[in-house]
Amino acid sequence: MASQTNVLAPPSPPGLLDWMRRNLFSNWFSSILTIVSLTIIYFSLVQAGTWILVTADWRPVKEYPLLYLVGQYPRDQLWRTGLSLWLFTLLIGMSWGVWEKFVKAFAIFLGILLAVLALFPLASETLTTEVRLAVLANPLLIYLGYMLVRKTRIRGQHVALLWMIVSALVVLVILPGFTGNDVLPRVETTVWGGMIVTLILAAGGIVLSFPIGILLALGRRSDLPVVKVVSILFIETIRGVPLITILFMFSIILALFLPVESRIDRLLRALMAMTVFSAAYMAENVRGGLQAVPSGQIEAARSLGLTNFQVTALIVLPQALRAVIPSIVGQFISLFKDTTLVVIVGINDLLGIGKSILSIDPEFVRLQGEVYVFIAAVFWVFSYFMSYASQQIEKALGVGER
Amino acid sequence: MRKLFTLMGIMIIASLVLAACGGASPAPSGDPVTVVETVVVEVPGETVVTQPQGYGTILARVQERGTLVCGGRTDLLGFGFLDDNGNNVGFDIDLCRAVAAAVLGDPTAVEIVPLTAADRGPALQTGEVDLLSRNVTWNTKRDAEWGNFTVTMFYDGQTFIVRNDSGIETLEDMDGATICVTTGTTTEANLASAFADAGLAFESVTFEDTQSVYSAYDEGRCDAATSDASQLAAIRVGLQDPSAHKLLDFTISKEYLTPAVPTGDDQWLDIVKTVMWSLIAAEEFGITSSNVEEMKSSPNGDIRTLLGAEADWGYVQLGLEADALARAITAVGNYGEIYDRYFGASGVFQLDRGPNDLGINGGWLVAPAIK
Amino acid sequence: MYFNFDLSMTVTSQTRQRIPLWRDERLLKATAQIVSSVILLGFFYWVFSNFIELTQQRGISLSYRFLSEPAGFPISESIIDYDPTMSYGRAFLVGVLNTLNVSAIGIFLATVLGFIVGLARLSSNWLFSKIALAYIEFHRNIPLLVLLFLWYFAVFNRLPPVKESIELPGPIYLNLRGLYLSWPRLTETGGIFLALIVAGIIIAIISWIVLTRVRERTGKETHFISISLGALFVFPIIGWFAAGGSPLWVDVPSLEGFNFSGGLRLTPEFAAMLVGLTTYTAAFIAEVIRSGIQAVNRGQTEAAKALGLKNSYVLGFVVIPQAMRVIVPPLISQYLNLTKNSSLALAIGYQDLFAVGKVTINQAGRAVPVFIMVMATYLALSLFTSFILNFYNRRIQLVER
């Protein structure tokens, strides 16, 4: 029979006290840091909390929710913005179904955000029940899109094509409308404002800069001196100047270089500026990706007899782009934040609307902090979740792993 | 190879797209200074008059487009701002609506393009806007460079707003003071030259947008702010304690606020001028927006002509309809009505008519004779 | 035998076969170059002919002669003398100096703050590293323009008015009109003092370099730290006495009339710009530093600790020098970003290069020449900064096979 030896019980899993001892009070310096940190946290939370809940006057934010969302878009035509949002959420749901690992985090975040927006307990005369219901329909549409793709045989190419069609439809047809039309009366881009403008500039900028950036990156690697020099000049010049000068160039200087009496929409000018700016940075990203493709791939493709064009389009680009998707998402996030600069050239994006709301009521002069904190919060929420989604994408792609 | 062709193809397409964006094709070059292309304007029943090229282009453009593109602002109470429903209203906006009513028959067929102070000139130079009605000061340099100025509709001067308890009464009291001003305006330049001429020094705080200028003043960042007296009066309403501020009673410049049109089209210039004059003349004659119809049969022949009931006040040559001016007056009222709407007893703030009264009442507003 | 085809015929027919003209790579390449040049040049020609036509029609002139005309507009602050009667060229120079001023100080402060936050992020104290994380995440996800507005309109514009300034020991006055510091200034005898300070710095640097080299080569202890620091302090002390008493006098700000005079003054616009740029860029620099330090092999730290080196030595002599290789390239791009971001000064009233350019365009009407000047200056700044820093970067990179 085995003798009863004294077996020591295994050590209990580290409790809270143990964890605190290790992480917070490991030595005298760390203890001081802990005390300092606690005081910092306490004071900032108390100050911020009292300010947000007690002293701040949130009227500029509470009373004009629609202005932040759609700017001065005619209130009787808001069904068009609602419809556009529905179309996009449906497409996001479908994208989730088709490219699950890439889009899932973002789609869920968007659904939750819209649901919160719809149900937010804010008493406002513009946020009527119909508006709330219309916004609430969006998370349902996301889910509907997801199920639609799961049940039918819609594939990636179809969804991509649908994205292009719907985007063109919304931006060129539904939102602006036509003069003299009764169903879709003309709404000039000068009255668009708020989130619509921010989203159009950011999303439009990235999407449109994508092909241009790829072309520039390829052009930079080209053997033809003319193309190479022009590409390098373009990329280095755009990257070496601030975005505000490019916006300025497009909104004021560009008009001097086009045929007399041509009139390009102001929003379009800003969009072109964002596109050009983003294209230069996209070109550098793609160039990094192109360099990451092992030359063995190109040699193997050539030995199989593929032409230059086929090698680039079928072998090199797919691998290069896959490697740079995380940095493209990062670029989208910073372009999204950079859209705030258009307030300097007179376009009413979210920040611009915030500034003009401050001049509506004389009492709002003191309330600048509230408005800017609100706008900062909106941007923060969007950026944080987009970078979270980007991390998910990186994990899904297995980037950085062997 | 293929990627090169793709590049070339895209550049060709881009060039074509950019070319297509232009409306009229570029005029044949040559020496634009001496050779002037002429356009023959057929006016039925009249002698054929040859006009310089450009004549009639803006009217045609506006009518084809169906809206009048007006450069304005949305951030100055009284002159160009948004009402509670987000509609553009204001003194300058109403002038645009008058022109739209005259030319297109619909005072709401107006697209207001909000412009910052720095954008005004280029917007007019490139023809982006058909009419610039944004309390723009008329001076010779701008007339030479930006476009053609029409009729001064608001006579104003530049002055300062200070706190009542600052003890400032004259320019000399402001030696060494900090003054807030909007950048890129004549205001800034006038401020500098006024102080330089008087041998005084000051410190400037400048911003791009008006709202920042005045909130900085309100917070106490500056001892004074300077702008046109009418703008300061508008701003004072929006300060935290309007009664604690006062406007100084001297002006340091002439600020004749005048709508402007792009250069090169005399017909459009005449159209806008005539509409402006009609608003002034309407007040002289006692025509209001409500009695236009009955005034059409007034015993006064000039009134009947103005409203298009008989004879030609010039509309034939200008390509308008006979009752264009009547439509304008019906849409926005006469000058006095427009003024009172924003600066009268029921306006957003009160301003004395002062020089902005009819010449027959001792002010500076005059209109030439009709016909 | 059924192999009756003539091999020699096949071979000769292959060598005699010429590539048809339309597939000859060299000819196609040459043609492509010509065609692309023609298209590009044609495009530029079309653009420029439009431009010339517009300028002639509207009477917009293109010369740079306006640079010598009086500017006529005030600039709120400048390092060199300026008043509105000076030329546009002078105003432009003031703008450039303002940009350089805020960028240089911003780069320095952001690096320091970024290092601190980056190291804090890696601290073993959980709470402290979470605070650093909160700081980084906050600043990385909001736009810089919003941050600048917050700092300027919600903080600096809410300071008490001049008559009720916050007084800090110094005396330092903080109010709505700016931050006024008591600042030492040189008297007539200050020149000697300054010269000896400079001499002290130079000697300290030289002795540091020389003594370090000697130490490495001979292995003998040369006490290079104490000697260099000693030189740094001894020379100014000699200079103090050589200058005969007090080469410095303290300029104390005092309230006169509307404003304080004397002392060193930082306007709220400059302060907000500096604080905004610094805190924003520091968050990004902190991330760069964190990833750089984490990129250093853990084995290095472990080996250094096994050798008995103190924590500060491990960090200072082993980890950070190796981390610098990874840190410097992204650090360069952050510095460039800071310089470019200084152009946002326009929005809060600090007149940097871009703001002055915009005012010049509006007052002088010469949009294109001024714009070219502004763009060229920014390009020059970017290229210069990246050139200098790339020089340092190349020196510290590993030479790999």
# chains A, B, ... in the order shown; residues from 1 in each chain; ligands from 1
$ interface_residues --of "chain B" --to "chain C" --cutoff "6 Å" --atoms "only C-alpha atoms" --output "list in words"
Ala118, Gly184, Glu188, Ala189, Ser204, Val205, Thr206, Phe207 and Arg221 of chain B
$ write_last_selection --atoms "N, CA and C atoms" --output "mmCIF file, in the first residue's frame"
data_model
loop_
_atom_site.group_PDB
_atom_site.id
_atom_site.type_symbol
_atom_site.label_atom_id
_atom_site.label_comp_id
_atom_site.auth_asym_id
_atom_site.auth_seq_id
_atom_site.Cartn_x
_atom_site.Cartn_y
_atom_site.Cartn_z
ATOM 1 N N ALA B 118 -12.215 84.767 -48.280
ATOM 2 C CA ALA B 118 -11.142 84.530 -49.244
ATOM 3 C C ALA B 118 -11.655 83.981 -50.564
ATOM 4 N N GLY B 184 -8.331 88.646 -44.461
ATOM 5 C CA GLY B 184 -8.623 88.621 -45.882
ATOM 6 C C GLY B 184 -9.694 89.597 -46.301
ATOM 7 N N GLU B 188 -9.385 94.481 -42.483
ATOM 8 C CA GLU B 188 -8.045 94.279 -41.937
ATOM 9 C C GLU B 188 -7.084 95.352 -42.433
ATOM 10 N N ALA B 189 -7.167 95.584 -43.743
ATOM 11 C CA ALA B 189 -6.245 96.562 -44.316
ATOM 12 C C ALA B 189 -6.560 97.967 -43.821
ATOM 13 N N SER B 204 -3.062 92.585 -33.333
ATOM 14 C CA SER B 204 -4.221 92.019 -34.028
ATOM 15 C C SER B 204 -4.387 90.549 -33.701
ATOM 16 N N VAL B 205 -5.625 90.131 -33.674
ATOM 17 C CA VAL B 205 -5.960 88.714 -33.560
ATOM 18 C C VAL B 205 -6.894 88.432 -34.717
ATOM 19 N N THR B 206 -6.467 87.585 -35.651
ATOM 20 C CA THR B 206 -7.269 87.406 -36.866
ATOM 21 C C THR B 206 -7.733 85.966 -36.999
ATOM 22 N N PHE B 207 -8.924 85.833 -37.515
ATOM 23 C CA PHE B 207 -9.473 84.515 -37.803
ATOM 24 C C PHE B 207 -10.064 84.524 -39.191
ATOM 25 N N ARG B 221 -10.742 88.086 -25.278
ATOM 26 C CA ARG B 221 -9.419 87.955 -25.873
ATOM 27 C C ARG B 221 -8.931 89.291 -26.431
#
$ residues_around --residues "A:Ile154" --least-positions-apart "3" --cutoff "12 Å" --atoms "only C-alpha atoms" --output "list of chain:residue names"
A:Leu91, A:Met94, A:Ser95, A:Gly97, A:Val98, A:Trp99, A:Gly145, A:Tyr146, A:Met147, A:Leu148, A:Val149, A:Arg150, A:Lys151, A:Gln157, A:His158, A:Val159, A:Ala160, A:Leu161, A:Leu162
$ interface_residues --of "chain A" --to "chain B" --cutoff "9 Å" --atoms "only C-alpha atoms" --output "PyMOL selection string"
chain A and resi 67+71-75+179-180+188+190-191+215+218-219+222+224+227+251-253+255-256+258-264+308-309+312+344-347+355-356+358-366
$ write_last_selection --atoms "N, CA and C atoms" --output "compact mmCIF listing (two decimals), in the first residue's frame"
# COMPACT_ATOMS: atom_id res chain seq x y z
N LEU A 67 -29.44 68.36 -38.20
CA LEU A 67 -28.41 69.17 -38.84
C LEU A 67 -27.08 68.43 -38.85
N GLY A 71 -27.24 67.98 -42.47
CA GLY A 71 -27.03 69.38 -42.82
C GLY A 71 -28.34 70.07 -43.17
N GLN A 72 -28.29 70.88 -44.23
CA GLN A 72 -29.49 71.62 -44.58
C GLN A 72 -30.34 70.92 -45.62
N TYR A 73 -30.15 69.65 -45.80
CA TYR A 73 -30.94 68.92 -46.78
C TYR A 73 -32.42 69.18 -46.52
N PRO A 74 -33.20 69.52 -47.57
CA PRO A 74 -34.60 69.87 -47.36
C PRO A 74 -35.32 68.80 -46.56
N ARG A 75 -36.03 69.25 -45.55
CA ARG A 75 -36.61 68.28 -44.63
C ARG A 75 -37.69 67.44 -45.27
N THR A 179 -33.18 68.77 -61.97
CA THR A 179 -33.99 69.98 -62.03
C THR A 179 -35.28 69.68 -62.77
N GLY A 180 -36.34 70.22 -62.23
CA GLY A 180 -37.61 70.08 -62.92
C GLY A 180 -38.31 68.76 -62.69
N GLU A 188 -29.20 70.91 -54.34
CA GLU A 188 -27.82 71.27 -54.64
C GLU A 188 -26.87 70.78 -53.55
N THR A 190 -24.65 72.27 -52.19
CA THR A 190 -24.32 73.28 -51.19
C THR A 190 -25.15 73.14 -49.93
N VAL A 191 -26.28 72.45 -50.02
CA VAL A 191 -27.08 72.28 -48.80
C VAL A 191 -26.80 70.96 -48.12
N LEU A 215 -2.26 52.49 -60.06
CA LEU A 215 -1.60 52.90 -61.30
C LEU A 215 -0.31 53.66 -61.00
N LEU A 218 2.38 51.23 -59.86
CA LEU A 218 2.93 50.50 -61.00
C LEU A 218 3.78 51.42 -61.87
N GLY A 219 3.28 52.63 -62.03
CA GLY A 219 4.03 53.58 -62.84
C GLY A 219 5.40 53.89 -62.24
N SER A 222 7.78 51.32 -63.16
CA SER A 222 7.88 51.04 -64.59
C SER A 222 9.28 51.33 -65.10
N LEU A 224 9.70 52.72 -68.10
CA LEU A 224 9.65 53.86 -69.00
C LEU A 224 9.98 55.13 -68.21
N VAL A 227 7.03 57.84 -67.65
CA VAL A 227 6.00 57.44 -66.70
C VAL A 227 6.56 57.43 -65.28
N SER A 251 -10.00 73.84 -54.69
CA SER A 251 -11.23 74.62 -54.61
C SER A 251 -11.05 76.01 -55.20
N ILE A 252 -9.85 76.54 -55.19
CA ILE A 252 -9.72 77.90 -55.71
C ILE A 252 -8.86 77.96 -56.96
N ILE A 253 -7.74 77.27 -56.96
CA ILE A 253 -6.82 77.42 -58.08
C ILE A 253 -7.29 76.63 -59.29
N ALA A 255 -10.08 76.14 -60.61
CA ALA A 255 -11.02 76.81 -61.50
C ALA A 255 -10.30 77.68 -62.52
N LEU A 256 -9.09 78.11 -62.18
CA LEU A 256 -8.37 78.97 -63.10
C LEU A 256 -7.76 78.18 -64.25
N LEU A 258 -9.25 75.49 -65.79
CA LEU A 258 -10.22 74.82 -66.66
C LEU A 258 -10.80 75.83 -67.63
N PRO A 259 -11.47 75.35 -68.68
CA PRO A 259 -12.05 76.29 -69.64
C PRO A 259 -12.93 77.29 -68.92
N VAL A 260 -12.88 78.51 -69.42
CA VAL A 260 -13.63 79.59 -68.80
C VAL A 260 -15.10 79.22 -68.74
N GLU A 261 -15.74 79.58 -67.67
CA GLU A 261 -17.17 79.36 -67.49
C GLU A 261 -17.54 77.90 -67.20
N SER A 262 -16.54 77.05 -66.94
CA SER A 262 -16.94 75.73 -66.50
C SER A 262 -17.11 75.81 -64.99
N ARG A 263 -18.08 75.11 -64.49
CA ARG A 263 -18.36 75.25 -63.08
C ARG A 263 -18.41 73.87 -62.45
N ILE A 264 -17.42 73.57 -61.65
CA ILE A 264 -17.41 72.26 -61.00
C ILE A 264 -17.93 72.43 -59.58
N ASN A 308 3.10 40.19 -69.56
CA ASN A 308 3.35 41.16 -68.48
C ASN A 308 2.06 41.56 -67.78
N PHE A 309 1.08 41.88 -68.60
CA PHE A 309 -0.19 42.35 -68.04
C PHE A 309 -0.81 41.27 -67.17
N THR A 312 1.01 40.91 -63.88
CA THR A 312 0.66 41.96 -62.92
C THR A 312 -0.74 41.77 -62.38
N ILE A 344 -12.29 74.39 -43.74
CA ILE A 344 -11.49 75.56 -44.06
C ILE A 344 -11.77 76.05 -45.48
N VAL A 345 -12.25 75.19 -46.37
CA VAL A 345 -12.60 75.66 -47.70
C VAL A 345 -14.10 75.83 -47.84
N GLY A 346 -14.78 75.90 -46.73
CA GLY A 346 -16.17 76.31 -46.79
C GLY A 346 -17.17 75.20 -47.03
N ILE A 347 -16.82 73.96 -46.79
CA ILE A 347 -17.79 72.88 -46.99
C ILE A 347 -18.29 72.43 -45.62
N LYS A 355 -19.77 74.17 -36.28
CA LYS A 355 -19.43 75.58 -36.18
C LYS A 355 -20.61 76.46 -36.54
N SER A 356 -21.39 76.10 -37.57
CA SER A 356 -22.49 77.00 -37.92
C SER A 356 -23.63 76.88 -36.93
N LEU A 358 -23.15 76.79 -33.81
CA LEU A 358 -22.75 77.70 -32.74
C LEU A 358 -23.18 79.13 -33.01
N SER A 359 -23.42 79.48 -34.29
CA SER A 359 -23.81 80.85 -34.57
C SER A 359 -25.31 81.01 -34.72
N ILE A 360 -26.07 79.93 -34.48
CA ILE A 360 -27.52 80.04 -34.61
C ILE A 360 -28.09 80.86 -33.46
N ASP A 361 -27.64 80.56 -32.27
CA ASP A 361 -28.23 81.18 -31.09
C ASP A 361 -27.13 81.94 -30.37
N PRO A 362 -27.38 83.20 -30.00
CA PRO A 362 -26.32 83.95 -29.34
C PRO A 362 -25.82 83.29 -28.07
N GLU A 363 -26.70 82.52 -27.43
CA GLU A 363 -26.24 81.91 -26.18
C GLU A 363 -25.26 80.79 -26.40
N PHE A 364 -25.13 80.35 -27.65
CA PHE A 364 -24.25 79.22 -27.89
C PHE A 364 -22.79 79.61 -27.93
N VAL A 365 -22.52 80.92 -27.86
CA VAL A 365 -21.12 81.35 -27.95
C VAL A 365 -20.28 80.69 -26.87
N ARG A 366 -20.87 80.51 -25.70
CA ARG A 366 -20.10 79.91 -24.61
C ARG A 366 -20.03 78.40 -24.70
$ select_by_dssp --residues "stretch 187-367 of chain B" --states "alpha helix (DSSP H)" --output "NGL selection string"
:B and (187-198 or 210-219 or 229-237 or 266-285 or 292-295 or 301-306 or 315-318 or 324-332 or 335-343)
$ closest_atom_pairs --of "chain A" --to "chain C" --cutoff "7 Å" --atoms "only C-alpha atoms" --output "Markdown table"
| residue | atom | partner | partner_atom | distance |
| --- | --- | --- | --- | --- |
| A:Asn23 | CA | C:Asn125 | CA | 5.2 |
| A:Leu24 | CA | C:Asn125 | CA | 5.1 |
| A:Ser30 | CA | C:Asn125 | CA | 5.9 |
| A:Leu33 | CA | C:Phe128 | CA | 6.6 |
| A:Thr34 | CA | C:Leu127 | CA | 6.3 |
| A:Ser37 | CA | C:Phe128 | CA | 5.8 |
| A:Leu224 | CA | C:Gln33 | CA | 6.6 |
| A:Val226 | CA | C:Gln33 | CA | 6.6 |
| A:Thr237 | CA | C:Leu379 | CA | 6.8 |
| A:Gly240 | CA | C:Leu379 | CA | 5.1 |
| A:Val241 | CA | C:Tyr378 | CA | 5.5 |
| A:Pro242 | CA | C:Lys340 | CA | 4.8 |
| A:Ile253 | CA | C:Val368 | CA | 6.8 |
| A:Leu256 | CA | C:Phe51 | CA | 5.6 |
| A:Phe257 | CA | C:Phe51 | CA | 4.5 |
| A:Leu258 | CA | C:Asn50 | CA | 5.7 |
| A:Pro259 | CA | C:Asn50 | CA | 5.4 |
| A:Val260 | CA | C:Leu54 | CA | 6.3 |
| A:Lys337 | CA | C:Pro143 | CA | 4.8 |
| A:Asp338 | CA | C:Pro143 | CA | 6.5 |
| A:Thr340 | CA | C:Leu145 | CA | 6.9 |
| A:Gln368 | CA | C:Ala154 | CA | 6.3 |
| A:Gly369 | CA | C:Ala154 | CA | 4.8 |
| A:Tyr372 | CA | C:Leu150 | CA | 6.1 |
| A:Ala376 | CA | C:Ile142 | CA | 5.7 |
| A:Phe379 | CA | C:Ile142 | CA | 5.7 |
| A:Trp380 | CA | C:Asn141 | CA | 4.9 |
| A:Ser383 | CA | C:Asn141 | CA | 5.4 |
| A:Tyr384 | CA | C:Asn141 | CA | 6.2 |
$ write_last_selection --atoms "N, CA and C atoms" --output "CSV table (one decimal), in the first residue's frame"
chain,number,residue,atom,x,y,z
A,23,ASN,N,1.4,43.7,-9.9
A,23,ASN,CA,1.3,44.7,-11.0
A,23,ASN,C,1.4,46.1,-10.5
A,24,LEU,N,0.9,46.3,-9.3
A,24,LEU,CA,0.8,47.7,-8.9
A,24,LEU,C,1.8,48.1,-7.8
A,30,SER,N,7.1,51.7,-8.2
A,30,SER,CA,5.8,51.3,-8.8
A,30,SER,C,4.6,51.7,-7.9
A,33,LEU,N,4.0,55.3,-8.4
A,33,LEU,CA,3.3,55.4,-9.7
A,33,LEU,C,1.8,55.1,-9.5
A,34,THR,N,1.5,54.0,-8.8
A,34,THR,CA,0.1,53.6,-8.6
A,34,THR,C,-0.7,54.7,-7.9
A,37,SER,N,-1.1,57.5,-10.3
A,37,SER,CA,-2.1,57.2,-11.3
A,37,SER,C,-3.5,57.3,-10.8
A,224,LEU,N,9.7,52.7,-68.1
A,224,LEU,CA,9.7,53.9,-69.0
A,224,LEU,C,10.0,55.1,-68.2
A,226,VAL,N,9.6,58.3,-68.7
A,226,VAL,CA,8.6,59.4,-68.6
A,226,VAL,C,7.6,59.1,-67.5
A,237,THR,N,5.4,65.0,-54.5
A,237,THR,CA,4.9,66.4,-54.3
A,237,THR,C,3.7,66.3,-53.4
A,240,GLY,N,4.5,65.6,-49.9
A,240,GLY,CA,5.3,66.6,-49.2
A,240,GLY,C,4.6,67.9,-48.7
A,241,VAL,N,3.3,68.0,-49.2
A,241,VAL,CA,2.6,69.2,-48.8
A,241,VAL,C,1.4,68.9,-48.0
A,242,PRO,N,0.9,69.8,-47.1
A,242,PRO,CA,-0.2,69.5,-46.3
A,242,PRO,C,-1.5,69.3,-47.1
A,253,ILE,N,-7.7,77.3,-57.0
A,253,ILE,CA,-6.8,77.4,-58.1
A,253,ILE,C,-7.3,76.6,-59.3
A,256,LEU,N,-9.1,78.1,-62.2
A,256,LEU,CA,-8.4,79.0,-63.1
A,256,LEU,C,-7.8,78.2,-64.2
A,257,PHE,N,-7.7,76.9,-64.1
A,257,PHE,CA,-7.0,76.1,-65.1
A,257,PHE,C,-8.0,75.4,-66.1
A,258,LEU,N,-9.3,75.5,-65.8
A,258,LEU,CA,-10.2,74.8,-66.7
A,258,LEU,C,-10.8,75.8,-67.6
A,259,PRO,N,-11.5,75.3,-68.7
A,259,PRO,CA,-12.0,76.3,-69.6
A,259,PRO,C,-12.9,77.3,-68.9
A,260,VAL,N,-12.9,78.5,-69.4
A,260,VAL,CA,-13.6,79.6,-68.8
A,260,VAL,C,-15.1,79.2,-68.7
A,337,LYS,N,-10.7,61.0,-40.7
A,337,LYS,CA,-10.4,62.2,-39.7
A,337,LYS,C,-10.0,63.4,-40.5
A,338,ASP,N,-9.3,63.2,-41.6
A,338,ASP,CA,-8.9,64.4,-42.4
A,338,ASP,C,-10.0,65.1,-43.1
A,340,THR,N,-12.2,66.5,-41.9
A,340,THR,CA,-12.6,67.7,-41.1
A,340,THR,C,-12.0,69.0,-41.7
A,368,GLN,N,-18.9,76.3,-27.0
A,368,GLN,CA,-18.1,75.7,-28.0
A,368,GLN,C,-17.5,74.3,-27.5
A,369,GLY,N,-17.2,74.3,-26.2
A,369,GLY,CA,-16.7,73.1,-25.7
A,369,GLY,C,-17.6,71.9,-25.9
A,372,TYR,N,-17.7,70.8,-29.7
A,372,TYR,CA,-16.5,70.1,-30.1
A,372,TYR,C,-16.2,68.8,-29.4
A,376,ALA,N,-15.9,65.4,-31.4
A,376,ALA,CA,-14.7,64.5,-31.1
A,376,ALA,C,-15.2,63.1,-30.7
A,379,PHE,N,-16.3,61.2,-33.8
A,379,PHE,CA,-15.1,60.7,-34.6
A,379,PHE,C,-14.4,59.6,-33.8
A,380,TRP,N,-14.3,59.7,-32.5
A,380,TRP,CA,-13.6,58.7,-31.7
A,380,TRP,C,-14.3,57.4,-31.8
A,383,SER,N,-13.6,55.9,-35.4
A,383,SER,CA,-12.2,55.5,-35.6
A,383,SER,C,-11.9,54.3,-34.8
A,384,TYR,N,-12.3,54.4,-33.5
A,384,TYR,CA,-11.9,53.3,-32.6
A,384,TYR,C,-12.4,51.9,-33.2
$ residues_around --residues "B:Leu248" --least-positions-apart "2" --cutoff "10 Å" --atoms "only C-alpha atoms" --output "ChimeraX atom specification"
/B:158-162,168-171,226,229,245-246,250-251
$ write_last_selection --atoms "C-alpha atoms" --output "PDB file, in the first residue's frame"
ATOM      1  CA  GLN B 158     -16.055 100.594 -40.598  1.00  0.00           C
ATOM      2  CA  THR B 159     -16.035 101.134 -36.873  1.00  0.00           C
ATOM      3  CA  PHE B 160     -15.275  99.357 -33.626  1.00  0.00           C
ATOM      4  CA  ILE B 161     -17.231  97.575 -30.947  1.00  0.00           C
ATOM      5  CA  VAL B 162     -15.938  97.921 -27.405  1.00  0.00           C
ATOM      6  CA  ILE B 168     -12.650 103.803 -25.081  1.00  0.00           C
ATOM      7  CA  GLU B 169     -14.170 106.680 -27.051  1.00  0.00           C
ATOM      8  CA  THR B 170     -11.727 107.587 -29.780  1.00  0.00           C
ATOM      9  CA  LEU B 171      -9.116 105.950 -31.936  1.00  0.00           C
ATOM     10  CA  THR B 226     -13.740  95.978 -35.933  1.00  0.00           C
ATOM     11  CA  ALA B 229     -21.086  99.095 -38.472  1.00  0.00           C
ATOM     12  CA  HIS B 245     -21.114  96.694 -25.534  1.00  0.00           C
ATOM     13  CA  LYS B 246     -21.256  99.759 -27.660  1.00  0.00           C
ATOM     14  CA  PHE B 250     -16.810 107.369 -35.851  1.00  0.00           C
ATOM     15  CA  THR B 251     -15.960 105.446 -38.994  1.00  0.00           C
TER      16      THR B 251
END
$ select_by_dssp --residues "stretch 174-328 of chain B" --states "strand (DSSP E)" --output "PyMOL selection string"
chain B and resi 177-182+202-207+224-228+245-247+254-257+260-261
$ residues_around --residues "C:Asp251" --least-positions-apart "4" --cutoff "9 Å" --atoms "only C-alpha atoms" --output "MDAnalysis selection string"
chainID C and resid 181:185 262:264
$ decode --residues "stretch 50-59 of chain A" --atoms "N, CA and C atoms" --output "PDB file, in the first residue's frame"
ATOM      1  N   THR A  50     -18.469  65.540 -13.826  1.00  0.00           N
ATOM      2  CA  THR A  50     -19.305  66.673 -13.454  1.00  0.00           C
ATOM      3  C   THR A  50     -19.534  67.576 -14.645  1.00  0.00           C
ATOM      4  N   TRP A  51     -18.523  67.758 -15.458  1.00  0.00           N
ATOM      5  CA  TRP A  51     -18.710  68.649 -16.597  1.00  0.00           C
ATOM      6  C   TRP A  51     -19.777  68.100 -17.543  1.00  0.00           C
ATOM      7  N   ILE A  52     -19.630  66.813 -17.881  1.00  0.00           N
ATOM      8  CA  ILE A  52     -20.546  66.232 -18.860  1.00  0.00           C
ATOM      9  C   ILE A  52     -21.969  66.221 -18.340  1.00  0.00           C
ATOM     10  N   LEU A  53     -22.125  65.824 -17.075  1.00  0.00           N
ATOM     11  CA  LEU A  53     -23.482  65.604 -16.605  1.00  0.00           C
ATOM     12  C   LEU A  53     -24.110  66.833 -15.973  1.00  0.00           C
ATOM     13  N   VAL A  54     -23.294  67.672 -15.390  1.00  0.00           N
ATOM     14  CA  VAL A  54     -23.893  68.764 -14.622  1.00  0.00           C
ATOM     15  C   VAL A  54     -23.707  70.128 -15.283  1.00  0.00           C
ATOM     16  N   THR A  55     -22.456  70.538 -15.484  1.00  0.00           N
ATOM     17  CA  THR A  55     -22.256  71.925 -15.900  1.00  0.00           C
ATOM     18  C   THR A  55     -22.489  72.167 -17.385  1.00  0.00           C
ATOM     19  N   ALA A  56     -22.280  71.153 -18.196  1.00  0.00           N
ATOM     20  CA  ALA A  56     -22.361  71.408 -19.632  1.00  0.00           C
ATOM     21  C   ALA A  56     -23.793  71.608 -20.072  1.00  0.00           C
ATOM     22  N   ASP A  57     -23.952  72.510 -21.004  1.00  0.00           N
ATOM     23  CA  ASP A  57     -25.267  72.778 -21.576  1.00  0.00           C
ATOM     24  C   ASP A  57     -25.278  72.141 -22.958  1.00  0.00           C
ATOM     25  N   TRP A  58     -25.969  71.033 -23.085  1.00  0.00           N
ATOM     26  CA  TRP A  58     -25.878  70.271 -24.322  1.00  0.00           C
ATOM     27  C   TRP A  58     -26.894  70.700 -25.361  1.00  0.00           C
ATOM     28  N   ARG A  59     -27.455  71.894 -25.226  1.00  0.00           N
ATOM     29  CA  ARG A  59     -28.475  72.308 -26.180  1.00  0.00           C
ATOM     30  C   ARG A  59     -28.010  72.281 -27.635  1.00  0.00           C
TER      31      ARG A  59
END
